[in-house]
$ cat coords15.txt   # compact mmCIF, C-alpha atoms
# COMPACT_ATOMS: atom_id res chain seq x y z
CA MET A 82 195.18 198.18 112.55
CA PHE A 83 192.13 196.86 114.36
CA ALA A 84 191.64 200.16 116.17
CA SER A 85 192.02 202.37 113.08
CA GLY A 86 190.33 200.06 110.62
CA TYR A 87 186.85 199.96 112.12
CA THR A 88 184.23 202.59 112.82
CA SER A 89 183.25 202.69 116.48
CA GLY A 90 179.72 202.59 117.81
CA GLY A 91 176.76 200.25 117.22
CA GLU A 92 176.47 196.54 117.74
CA THR A 93 179.80 194.74 118.13
CA VAL A 94 181.03 191.20 117.63
CA THR A 95 183.63 189.56 119.82
CA VAL A 96 186.68 188.29 117.93
CA ARG A 97 189.26 186.03 119.55
CA PHE A 98 192.79 185.48 118.28
CA ARG A 99 195.87 183.55 119.23
CA VAL A 100 198.76 185.89 118.48
CA LEU A 101 202.25 184.80 117.47
CA HIS A 102 205.15 187.18 118.06
CA ARG A 103 208.45 187.70 116.27
CA ASN A 104 211.23 189.78 117.80
CA GLY A 105 208.77 190.72 120.54
CA LYS A 106 206.22 192.13 118.09
CA PRO A 107 202.88 190.54 117.07
CA PHE A 108 203.00 189.39 113.47
CA LEU A 109 200.38 186.64 113.00
CA PHE A 110 196.83 186.75 114.40
CA LEU A 111 195.22 183.29 114.23
CA PRO A 112 191.49 182.65 114.66
CA ASP A 113 190.58 180.87 117.88
CA SER A 114 189.59 177.69 116.04
CA LYS A 115 191.74 174.64 115.27
CA THR A 116 190.61 174.34 111.65
CA THR A 117 190.85 177.97 110.63
CA ALA A 118 194.02 178.58 112.64
CA THR A 119 195.75 175.71 110.83
CA ARG A 120 194.70 177.02 107.42
CA ALA A 121 195.72 180.54 108.43
CA LEU A 122 199.36 179.47 108.61
CA ASP A 123 199.33 179.62 104.79
CA LEU A 124 199.72 183.38 105.32
CA TYR A 125 203.21 182.84 106.73
CA PRO A 126 205.65 182.75 103.77
CA ALA A 127 208.28 180.48 105.34
CA GLN A 128 211.42 180.74 103.18
CA SER A 129 214.22 178.85 104.88
CA THR A 130 214.22 175.15 105.70
CA LYS A 131 214.21 176.03 109.41
CA ALA A 132 211.13 178.27 108.99
CA ARG A 133 209.28 175.62 106.97
CA ILE A 134 209.96 173.01 109.65
CA ALA A 135 208.75 175.42 112.35
CA ARG A 136 205.55 176.08 110.41
CA ARG A 137 204.95 172.35 109.93
CA LEU A 138 205.40 171.71 113.66
CA LEU A 139 203.08 174.58 114.53
CA LYS A 140 200.41 173.18 112.20
CA SER A 141 200.62 169.85 113.98
CA ALA A 142 200.30 171.56 117.35
CA LEU A 143 197.28 173.60 116.21
CA ARG A 144 195.52 170.48 114.95
CA ALA A 145 195.95 169.06 118.44
CA GLY A 146 194.49 172.21 119.96
CA PHE A 147 197.75 173.80 121.13
CA ALA A 148 199.42 177.05 120.08
CA PRO A 149 202.87 177.09 121.69
CA GLY A 150 204.10 180.60 122.36
CA ALA A 151 200.85 182.26 121.30
CA LYS A 152 199.09 184.85 123.42
CA ARG A 153 195.33 185.28 123.46
CA LEU A 154 193.67 188.49 122.30
CA VAL A 155 189.99 189.35 122.60
CA THR A 156 188.67 192.43 120.81
CA GLN A 157 185.30 193.97 119.94
CA ILE A 158 184.60 194.98 116.34
CA PRO A 159 181.55 197.02 115.27
CA LYS A 160 179.44 194.88 112.93
CA THR A 161 178.25 197.89 110.92
CA GLY A 162 181.65 199.52 110.51
CA LYS A 163 182.46 200.21 106.86
CA PHE A 164 185.59 198.08 106.83
CA ALA A 165 183.78 195.23 108.57
CA LEU A 166 181.10 195.38 105.87
CA PHE A 167 183.85 195.33 103.25
CA LEU A 168 185.29 192.15 104.78
CA SER A 169 181.84 190.54 104.71
CA LYS A 170 181.43 191.47 101.04
CA ALA A 171 184.90 190.20 100.13
CA ALA A 172 184.14 186.87 101.83
CA GLY A 173 180.81 186.57 100.00
CA LEU A 174 178.76 186.83 103.19
CA THR A 175 175.70 188.89 103.99
CA GLU A 176 176.10 192.25 105.70
CA ASN A 177 176.51 192.18 109.49
CA ASN A 178 177.95 188.66 109.18
CA LEU A 179 181.62 189.27 109.92
CA PRO A 180 183.77 186.41 108.57
CA LYS A 181 186.35 184.61 110.60
CA PHE A 182 189.74 185.91 109.59
CA ALA A 183 193.46 185.75 110.24
CA VAL A 184 195.89 188.65 109.92
CA LEU A 185 199.54 188.76 108.92
CA ALA A 186 201.09 192.01 110.12
CA GLY A 187 203.86 193.55 108.06
CA ASN A 188 207.26 194.58 109.40
CA PRO A 189 206.62 197.31 112.02
CA LYS A 190 209.98 198.93 111.22
CA ALA A 191 209.40 199.16 107.47
CA PRO A 192 207.76 202.24 105.96
CA GLY A 193 204.36 201.51 104.51
CA ARG A 194 203.44 198.68 106.87
CA ARG A 195 200.49 196.71 105.52
CA PHE A 196 198.23 193.97 106.89
CA VAL A 197 197.03 190.88 105.04
CA PHE A 198 193.66 189.42 106.03
CA LEU A 199 192.76 185.82 105.16
CA LEU A 200 188.97 185.52 105.14
CA PHE A 201 187.00 182.31 105.73
CA ASP A 202 183.47 181.31 104.72
CA ASP A 203 180.94 179.84 107.12
CA ALA A 204 182.36 176.35 106.52
CA GLY A 205 185.85 177.45 107.56
CA ASN A 206 187.31 177.45 104.05
CA PRO A 207 189.62 180.32 103.01
CA VAL A 208 187.88 182.30 100.27
CA ALA A 209 189.52 185.71 99.96
CA VAL A 210 192.59 187.74 100.80
CA VAL A 211 192.46 191.44 101.71
CA LYS A 212 195.53 193.66 101.80
CA ALA A 213 195.06 196.86 103.80
CA GLY A 214 197.02 199.80 105.10
CA HIS A 215 196.22 202.87 107.19
CA GLU A 216 199.51 204.80 107.39
CA PRO A 217 200.14 207.27 104.53
CA ASP A 218 202.98 205.27 102.93
CA ALA A 219 200.98 202.06 103.23
CA ARG A 220 197.93 203.64 101.61
CA LEU A 221 200.04 204.77 98.65
CA LEU A 222 201.44 201.25 98.21
CA ILE A 223 197.94 199.76 98.30
CA VAL A 224 196.74 202.22 95.63
CA HIS A 225 199.78 201.47 93.49
CA GLU A 226 199.40 197.70 93.76
CA THR A 227 195.69 197.92 92.94
CA ALA A 228 196.49 199.99 89.84
CA VAL A 229 199.14 197.54 88.62
CA LEU A 230 196.85 194.53 89.07
CA SER A 231 193.91 196.32 87.45
CA THR A 232 195.76 197.50 84.34
CA SER A 233 197.89 194.45 83.53
CA LEU A 234 198.12 193.09 79.98
CA ALA A 235 195.13 191.09 78.80
CA ASP A 236 197.20 187.98 77.98
CA ALA A 237 199.44 188.16 81.05
CA LYS A 238 199.53 184.87 82.95
CA GLY A 239 199.59 184.44 86.72
CA ILE A 240 198.03 187.78 87.70
CA PRO A 241 195.45 187.70 90.54
CA GLN A 242 192.23 189.57 89.85
CA VAL A 243 191.15 192.43 92.09
CA ARG A 244 187.61 191.60 93.20
CA HIS A 245 186.80 194.52 95.50
CA THR A 246 188.41 197.75 96.68
CA PHE A 247 187.92 199.89 99.77
CA SER A 248 188.89 203.47 100.50
CA SER A 249 188.12 205.64 103.51
CA SER A 250 189.78 208.38 105.52
CA GLN A 251 191.35 205.63 107.64
CA VAL A 252 192.04 202.60 105.45
CA GLU A 253 192.91 201.70 101.86
CA ALA A 254 192.40 198.07 100.83
CA PHE A 255 191.70 195.64 98.03
CA ALA A 256 190.53 192.02 97.90
CA THR A 257 191.42 189.08 95.69
CA ASP A 258 190.34 185.45 95.69
CA PHE A 259 192.25 183.14 98.00
CA ILE A 260 194.92 181.32 96.01
CA SER A 261 195.95 177.89 97.24
CA GLY A 262 199.18 176.17 96.35
CA GLN A 263 202.85 175.97 97.27
CA SER A 264 205.96 177.89 96.27
CA PRO A 265 207.68 176.52 93.14
CA VAL A 266 210.62 174.17 93.59
CA GLY A 267 213.14 172.58 91.26
CA ASP A 268 213.94 173.62 87.70
CA VAL A 269 211.04 175.76 86.46
CA THR A 270 212.89 177.49 83.63
CA SER A 271 210.41 176.32 80.99
CA VAL A 272 207.41 177.65 82.91
CA LEU A 273 209.12 180.96 83.61
CA GLY A 274 209.93 181.41 79.94
CA LYS A 275 206.24 181.21 79.07
CA LEU A 276 205.16 183.32 82.03
CA PHE A 277 207.58 186.17 81.42
CA SER A 278 206.92 186.12 77.67
CA SER A 279 203.22 186.67 78.40
CA TRP A 280 204.14 189.78 80.39
CA LEU A 281 205.88 191.46 77.45
CA ASN A 282 204.05 194.21 75.60
CA PRO A 283 204.96 193.55 71.94
CA SER A 284 203.01 196.60 70.77
CA GLU A 285 205.57 198.90 72.43
CA LYS A 286 209.24 199.69 71.91
CA ILE A 287 211.04 202.01 74.30
CA GLN A 288 214.60 202.88 75.28
CA LEU A 289 215.60 201.35 78.61
CA GLY A 290 216.63 204.79 79.80
CA GLU A 291 213.03 206.01 79.45
CA LEU A 292 211.58 203.40 81.83
CA ASP A 293 210.73 204.61 85.35
CA ALA A 294 212.91 202.01 87.06
CA TRP A 295 215.91 202.98 84.94
CA ILE A 296 215.34 206.69 85.55
CA THR A 297 215.16 206.00 89.30
CA LEU A 298 218.41 204.04 89.12
CA GLY A 299 220.13 206.90 87.29
CA SER A 300 219.04 209.45 89.88
CA SER A 301 219.53 207.29 92.98
CA GLY A 302 221.26 209.66 95.36
CA SER A 303 224.85 210.82 95.61
CA HIS A 304 226.49 207.58 94.52
CA ASP A 305 229.37 206.97 92.17
CA PRO A 306 228.46 207.33 88.49
CA LEU A 307 226.86 204.31 86.87
CA PRO A 308 229.32 202.02 85.05
CA PRO A 309 229.73 202.86 81.34
CA ALA A 310 228.15 199.52 80.35
CA VAL A 311 224.98 200.42 82.25
CA VAL A 312 224.90 203.95 80.86
CA ALA A 313 225.24 202.59 77.32
CA LEU A 314 222.53 200.02 77.97
CA GLY A 315 220.05 202.79 78.69
CA LYS A 316 220.14 203.71 75.00
CA ILE A 317 219.01 200.33 73.62
CA GLU A 318 215.40 199.87 72.53
CA VAL A 319 213.53 197.05 74.23
CA THR A 320 210.07 195.56 74.52
CA PRO A 321 208.83 196.68 77.95
CA THR A 322 207.33 194.19 80.36
CA LEU A 323 204.98 194.01 83.25
CA MET A 324 207.47 193.81 86.12
CA HIS A 325 206.78 192.41 89.57
CA GLY A 326 209.77 193.96 91.30
CA ASP A 327 210.30 191.16 93.84
CA PHE A 328 209.64 188.01 91.82
CA ALA A 329 210.79 185.14 94.06
CA PRO A 330 209.47 181.68 94.99
CA TRP A 331 207.87 182.98 98.19
CA ASN A 332 205.71 185.37 96.16
CA VAL A 333 204.38 182.63 93.87
CA LYS A 334 201.70 180.00 94.48
CA VAL A 335 201.64 176.88 92.28
CA GLU A 336 198.78 174.41 92.13
CA GLY A 337 198.99 171.91 89.31
CA ALA A 338 199.72 173.87 86.14
CA ARG A 339 198.40 177.13 87.59
CA TRP A 340 200.89 179.79 88.70
CA THR A 341 199.73 182.90 90.57
CA VAL A 342 202.09 185.72 91.47
CA LEU A 343 201.32 187.66 94.66
CA ASP A 344 202.45 190.93 96.30
CA TRP A 345 202.74 193.48 93.51
CA GLU A 346 203.51 196.59 95.58
CA ARG A 347 206.80 197.06 93.69
CA GLY A 348 205.20 196.34 90.34
CA GLU A 349 205.65 198.39 87.17
CA ILE A 350 203.31 198.31 84.19
CA SER A 351 206.27 199.11 81.90
CA GLY A 352 209.32 197.57 83.51
CA VAL A 353 212.79 196.29 82.65
CA PRO A 354 212.78 192.92 80.84
CA GLY A 355 214.90 190.25 82.49
CA TRP A 356 215.09 191.73 85.97
CA ASP A 357 212.32 189.57 87.45
CA TRP A 358 214.01 186.43 86.12
CA MET A 359 217.33 187.49 87.64
CA ASN A 360 215.60 188.24 90.94
CA PHE A 361 214.10 184.73 90.96
CA VAL A 362 217.58 183.21 90.69
CA ILE A 363 219.55 185.61 92.87
CA GLN A 364 217.36 186.33 95.88
CA PRO A 365 216.70 182.73 97.05
CA ALA A 366 220.37 181.93 96.49
CA ILE A 367 221.58 184.69 98.80
CA ARG A 368 218.70 185.02 101.27
CA VAL A 369 217.75 181.35 101.73
CA SER A 370 220.67 179.19 100.56
CA ARG A 371 223.28 181.75 101.71
CA GLU A 372 225.55 180.61 98.91
CA GLU A 373 228.75 182.26 97.74
CA ALA A 374 228.63 184.81 94.93
CA GLY A 375 230.55 182.53 92.58
CA ALA A 376 227.91 179.83 92.85
CA THR A 377 225.15 182.36 92.19
CA LEU A 378 226.98 183.65 89.12
CA ALA A 379 227.18 180.05 87.87
CA ARG A 380 223.39 179.80 88.26
CA LEU A 381 222.97 182.95 86.18
CA GLU A 382 225.29 181.63 83.47
CA THR A 383 223.22 178.45 83.28
CA LEU A 384 220.06 180.56 82.93
CA PHE A 385 221.52 182.83 80.25
CA ALA A 386 222.65 179.78 78.24
CA SER A 387 219.21 178.15 78.33
CA PRO A 388 216.98 178.05 75.22
CA GLU A 389 214.13 179.52 77.26
CA PHE A 390 216.03 182.64 78.28
CA SER A 391 217.51 182.97 74.79
CA SER A 392 214.04 182.95 73.25
CA TYR A 393 212.81 185.48 75.81
CA ALA A 394 215.83 187.70 75.18
CA GLN A 395 215.08 187.76 71.46
CA ARG A 396 211.41 188.64 72.10
CA SER A 397 212.28 191.42 74.54
CA SER A 398 215.27 192.74 72.51
CA ILE A 399 217.80 192.22 75.32
CA ALA A 400 219.80 189.54 73.47
CA GLY A 401 223.51 189.96 74.11
CA HIS A 402 222.97 192.27 77.10
CA ALA A 403 222.30 189.80 79.92
CA HIS A 404 225.41 190.62 81.94
CA ALA A 405 225.02 194.39 81.65
CA LEU A 406 221.39 194.02 82.71
CA THR A 407 222.53 191.93 85.68
CA LEU A 408 224.96 194.70 86.62
CA ALA A 409 222.13 197.25 86.48
CA TYR A 410 219.83 194.97 88.52
CA LEU A 411 222.44 194.55 91.27
CA LEU A 412 223.02 198.30 91.42
CA TYR A 413 219.25 198.79 91.68
CA CYS A 414 219.20 196.42 94.69
CA ILE A 415 221.96 198.43 96.37
CA ARG A 416 221.00 201.99 95.44
CA VAL A 417 217.21 201.97 95.05
CA THR A 418 215.59 199.18 97.05
CA ARG A 419 218.57 199.40 99.46
CA GLN A 420 218.52 195.72 100.18
CA THR A 421 220.06 194.92 103.55
CA GLU A 422 219.60 191.15 103.80
CA GLY A 423 222.24 189.52 101.64
CA LEU A 424 223.93 192.83 100.83
CA GLN A 425 227.39 191.32 101.20
CA GLN A 426 226.60 188.64 98.60
CA ILE A 427 224.96 191.21 96.30
CA SER A 428 228.08 193.38 96.45
CA ALA A 429 230.35 190.37 95.85
CA LEU A 430 228.25 189.27 92.89
CA LEU A 431 228.41 192.80 91.49
CA LYS A 432 232.21 192.69 91.53
CA LEU A 433 232.27 189.29 89.84
CA VAL A 434 230.00 190.47 87.02
CA GLU A 435 232.06 193.65 86.60
CA GLY A 436 235.21 191.56 86.41
CA LYS A 437 233.71 189.17 83.90
CA MET A 438 232.64 192.04 81.65
CA ALA A 439 236.01 193.80 81.98
CA ALA A 440 237.76 190.58 80.94
CA GLY A 441 235.51 190.29 77.91
CA GLN A 442 234.15 186.92 79.01
CA THR A 443 230.55 187.64 78.02
CA ILE A 444 229.22 186.37 74.72
CA GLN A 445 227.37 188.92 72.61
CA ASN A 446 225.18 186.68 70.47
CA PRO A 447 223.71 187.86 67.19
CA PRO A 448 219.94 187.63 66.70
CA GLY A 449 218.76 184.07 66.26
CA ASN A 450 221.63 182.46 68.18
CA HIS A 451 220.13 180.44 71.05
CA ASN A 452 223.37 179.97 72.97
CA LEU A 453 222.96 183.29 74.71
CA SER A 454 225.14 184.09 77.71

$ encode --input "coords15.txt" --output "structure tokens"
Amino acid sequence: MFASGYTSGGETVTVRFRVLHRNGKPFLFLPDSKTTATRALDLYPAQSTKARIARRLLKSALRAGFAPGAKRLVTQIPKTGKFALFLSKAAGLTENNLPKFAVLAGNPKAPGRRFVFLLFDDAGNPVAVVKAGHEPDARLLIVHETAVLSTSLADAKGIPQVRHTFSSSQVEAFATDFISGQSPVGDVTSVLGKLFSSWLNPSEKIQLGELDAWITLGSSGSHDPLPPAVVALGKIEVTPTLMHGDFAPWNVKVEGARWTVLDWERGEISGVPGWDWMNFVIQPAIRVSREEAGATLARLETLFASPEFSSYAQRSSIAGHAHALTLAYLLYCIRVTRQTEGLQQISALLKLVEGKMAAGQTIQNPPGNHNLS
């Protein structure tokens, strides 16, 4: 990324990093400074308890001036390169004053690999985040994410604002303010009810089958036909929603009463109501807690029975369809996003939901009933 992201020639500045590796590949480039390196660890979205402990220990080591396992990297970056000037602008600095920055490198095996830059001001405070990509798939994802963030609903809560964009023959990028905070913990059902309700577009009504995500699900390769309950669901009329596509605790920052949702590369301006809420319950359960499918289904039943979800279901016109929507969501994970981590639990949960529906154990509540399951 460093080689392709900067124009060569002219005066250069020396940049020093301490590089952390994962599976033999560099994934986190830390500035060669105790203060900024410690703050840069906020880029690492530690999910499991083990990863959070490791990050905490590494922060302590960095404060003491150590970086166990890190390798040093020294590189020269042209000060007048277009991307370097973009970084200066995003950090609020004058031209030719390259900010200190850290870089989180995306999965090298995944298509559309992107890089996240955390930019610091002269005092060493994080001030902006830049997401950039230079491979064709990555550039398309950057353009898509920028479009979703720039055209979101006026009243939508928790959406970061795009401050600057960059496009060249080599790199596509956008910048937002740095968002501090921690991932949400505990029971946040009440907050999610308000957040997701603000993402609904009440001025629109559309059949589920006309939404892009639903169309993609229906045409997802040479799989078995969709279950009849999912096919029938495509004919109901709903209120579409801004959809994140991977709404999970590790993509949310909470500070006080402020929630900010990050990483919108899978976002849809008109998406399927309810799927983000299901994702928030299911993905941490299977990818972090590694719990059995039955326990995850119990979590979903608790959600569907809550007043908050019931109110949201009435607003979005999905009341009485929670289980069929869950079935469609799980099939989307398997057939479209092709989730590999936790696939066994996803498949097991799919069978449990199918069995529950076949046994007629779902409650189809009439409008106004707030005991939705």

$ residues_around --input "coords15.txt" --residues "Gly326 of chain A" --least-positions-apart "5" --cutoff "9 Å" --atoms "all atoms listed in the file" --output "PyMOL selection string"
chain A and resi 345-349+352+356-357+360

$ atom_distance --input "coords15.txt" --atom1 "atom CA of Arg244 of chain A" --atom2 "atom CA of Val272 of chain A"
26.3 Å

$ residues_around --input "coords15.txt" --residues "segment 199-201 of chain A" --least-positions-apart "6" --cutoff "8 Å" --atoms "only C-alpha atoms" --output "ChimeraX atom specification"
/A:117,121,124,168,171-172,180-184,207-211,259

$ closest_residue --input "coords15.txt" --among "A:Asp258, A:Ser392, A:Val100, A:Leu378" --to "Leu431 of chain A" --atoms "only C-alpha atoms"
A:Leu378

$ residues_around --input "coords15.txt" --residues "segment 234-238 of chain A" --least-positions-apart "5" --cutoff "10 Å" --atoms "all atoms listed in the file" --output "list in words"
Val229, Lys275, Leu276, Phe277, Ser278, Ser279, Trp280, Leu281, Asn282, Thr322, Leu323, Arg339, Trp340, Thr341, Val342 and Ile350 of chain A

$ closest_residue --input "coords15.txt" --among "A:Ser428, A:Gly375, A:Ala394, A:Pro330" --to "Ala127 of chain A" --atoms "only C-alpha atoms"
A:Pro330

$ build_atoms --input "coords15.txt" --residues "segment 174-201 of chain A" --atoms "N, CA and C atoms" --output "PDB file, in the frame of the given file"
ATOM      1  N   LEU A 174     179.770 187.005 102.148  1.00  0.00           N
ATOM      2  CA  LEU A 174     178.760 186.830 103.190  1.00  0.00           C
ATOM      3  C   LEU A 174     177.788 187.996 103.191  1.00  0.00           C
ATOM      4  N   THR A 175     176.685 187.822 103.875  1.00  0.00           N
ATOM      5  CA  THR A 175     175.700 188.890 103.990  1.00  0.00           C
ATOM      6  C   THR A 175     176.226 189.963 104.936  1.00  0.00           C
ATOM      7  N   GLU A 176     175.703 191.174 104.800  1.00  0.00           N
ATOM      8  CA  GLU A 176     176.100 192.250 105.700  1.00  0.00           C
ATOM      9  C   GLU A 176     175.808 191.874 107.151  1.00  0.00           C
ATOM     10  N   ASN A 177     176.616 192.439 108.048  1.00  0.00           N
ATOM     11  CA  ASN A 177     176.510 192.180 109.490  1.00  0.00           C
ATOM     12  C   ASN A 177     176.910 190.748 109.850  1.00  0.00           C
ATOM     13  N   ASN A 178     177.474 190.011 108.893  1.00  0.00           N
ATOM     14  CA  ASN A 178     177.950 188.660 109.180  1.00  0.00           C
ATOM     15  C   ASN A 178     179.466 188.662 108.988  1.00  0.00           C
ATOM     16  N   LEU A 179     180.174 189.116 110.008  1.00  0.00           N
ATOM     17  CA  LEU A 179     181.620 189.270 109.920  1.00  0.00           C
ATOM     18  C   LEU A 179     182.281 187.903 109.763  1.00  0.00           C
ATOM     19  N   PRO A 180     183.124 187.719 108.753  1.00  0.00           N
ATOM     20  CA  PRO A 180     183.770 186.410 108.570  1.00  0.00           C
ATOM     21  C   PRO A 180     184.854 186.176 109.604  1.00  0.00           C
ATOM     22  N   LYS A 181     185.150 184.921 109.845  1.00  0.00           N
ATOM     23  CA  LYS A 181     186.350 184.610 110.600  1.00  0.00           C
ATOM     24  C   LYS A 181     187.542 185.007 109.740  1.00  0.00           C
ATOM     25  N   PHE A 182     188.595 185.498 110.373  1.00  0.00           N
ATOM     26  CA  PHE A 182     189.740 185.910 109.590  1.00  0.00           C
ATOM     27  C   PHE A 182     191.024 185.811 110.402  1.00  0.00           C
ATOM     28  N   ALA A 183     192.121 185.692 109.666  1.00  0.00           N
ATOM     29  CA  ALA A 183     193.460 185.750 110.240  1.00  0.00           C
ATOM     30  C   ALA A 183     194.145 186.979 109.672  1.00  0.00           C
ATOM     31  N   VAL A 184     195.180 187.452 110.371  1.00  0.00           N
ATOM     32  CA  VAL A 184     195.890 188.650 109.920  1.00  0.00           C
ATOM     33  C   VAL A 184     197.394 188.425 110.017  1.00  0.00           C
ATOM     34  N   LEU A 185     198.079 188.721 108.916  1.00  0.00           N
ATOM     35  CA  LEU A 185     199.540 188.760 108.920  1.00  0.00           C
ATOM     36  C   LEU A 185     199.962 190.213 108.934  1.00  0.00           C
ATOM     37  N   ALA A 186     200.664 190.617 109.978  1.00  0.00           N
ATOM     38  CA  ALA A 186     201.090 192.010 110.120  1.00  0.00           C
ATOM     39  C   ALA A 186     202.458 192.190 109.467  1.00  0.00           C
ATOM     40  N   GLY A 187     202.595 193.261 108.709  1.00  0.00           N
ATOM     41  CA  GLY A 187     203.860 193.550 108.060  1.00  0.00           C
ATOM     42  C   GLY A 187     204.920 193.995 109.062  1.00  0.00           C
ATOM     43  N   ASN A 188     206.124 194.164 108.564  1.00  0.00           N
ATOM     44  CA  ASN A 188     207.260 194.580 109.400  1.00  0.00           C
ATOM     45  C   ASN A 188     206.969 195.945 110.028  1.00  0.00           C
ATOM     46  N   PRO A 189     206.941 196.033 111.367  1.00  0.00           N
ATOM     47  CA  PRO A 189     206.620 197.310 112.020  1.00  0.00           C
ATOM     48  C   PRO A 189     207.689 198.382 111.819  1.00  0.00           C
ATOM     49  N   LYS A 190     208.905 197.970 111.425  1.00  0.00           N
ATOM     50  CA  LYS A 190     209.980 198.930 111.220  1.00  0.00           C
ATOM     51  C   LYS A 190     210.038 199.447 109.787  1.00  0.00           C
ATOM     52  N   ALA A 191     209.343 198.780 108.885  1.00  0.00           N
ATOM     53  CA  ALA A 191     209.400 199.160 107.470  1.00  0.00           C
ATOM     54  C   ALA A 191     208.377 200.256 107.179  1.00  0.00           C
ATOM     55  N   PRO A 192     208.746 201.234 106.347  1.00  0.00           N
ATOM     56  CA  PRO A 192     207.760 202.240 105.960  1.00  0.00           C
ATOM     57  C   PRO A 192     206.659 201.599 105.111  1.00  0.00           C
ATOM     58  N   GLY A 193     205.453 202.078 105.298  1.00  0.00           N
ATOM     59  CA  GLY A 193     204.360 201.510 104.510  1.00  0.00           C
ATOM     60  C   GLY A 193     203.902 200.153 105.007  1.00  0.00           C
ATOM     61  N   ARG A 194     203.859 199.972 106.318  1.00  0.00           N
ATOM     62  CA  ARG A 194     203.440 198.680 106.870  1.00  0.00           C
ATOM     63  C   ARG A 194     202.007 198.351 106.462  1.00  0.00           C
ATOM     64  N   ARG A 195     201.824 197.137 105.927  1.00  0.00           N
ATOM     65  CA  ARG A 195     200.490 196.710 105.520  1.00  0.00           C
ATOM     66  C   ARG A 195     200.081 195.441 106.284  1.00  0.00           C
ATOM     67  N   PHE A 196     198.791 195.123 106.213  1.00  0.00           N
ATOM     68  CA  PHE A 196     198.230 193.970 106.890  1.00  0.00           C
ATOM     69  C   PHE A 196     197.483 193.116 105.869  1.00  0.00           C
ATOM     70  N   VAL A 197     197.692 191.806 105.956  1.00  0.00           N
ATOM     71  CA  VAL A 197     197.030 190.880 105.040  1.00  0.00           C
ATOM     72  C   VAL A 197     196.015 190.062 105.820  1.00  0.00           C
ATOM     73  N   PHE A 198     194.764 190.138 105.381  1.00  0.00           N
ATOM     74  CA  PHE A 198     193.660 189.420 106.030  1.00  0.00           C
ATOM     75  C   PHE A 198     193.325 188.192 105.180  1.00  0.00           C
ATOM     76  N   LEU A 199     193.256 187.029 105.812  1.00  0.00           N
ATOM     77  CA  LEU A 199     192.760 185.820 105.160  1.00  0.00           C
ATOM     78  C   LEU A 199     191.352 185.574 105.676  1.00  0.00           C
ATOM     79  N   LEU A 200     190.371 185.613 104.768  1.00  0.00           N
ATOM     80  CA  LEU A 200     188.970 185.520 105.140  1.00  0.00           C
ATOM     81  C   LEU A 200     188.433 184.113 104.895  1.00  0.00           C
ATOM     82  N   PHE A 201     187.572 183.650 105.811  1.00  0.00           N
ATOM     83  CA  PHE A 201     187.000 182.310 105.730  1.00  0.00           C
ATOM     84  C   PHE A 201     185.493 182.391 105.524  1.00  0.00           C
TER      85      PHE A 201
END
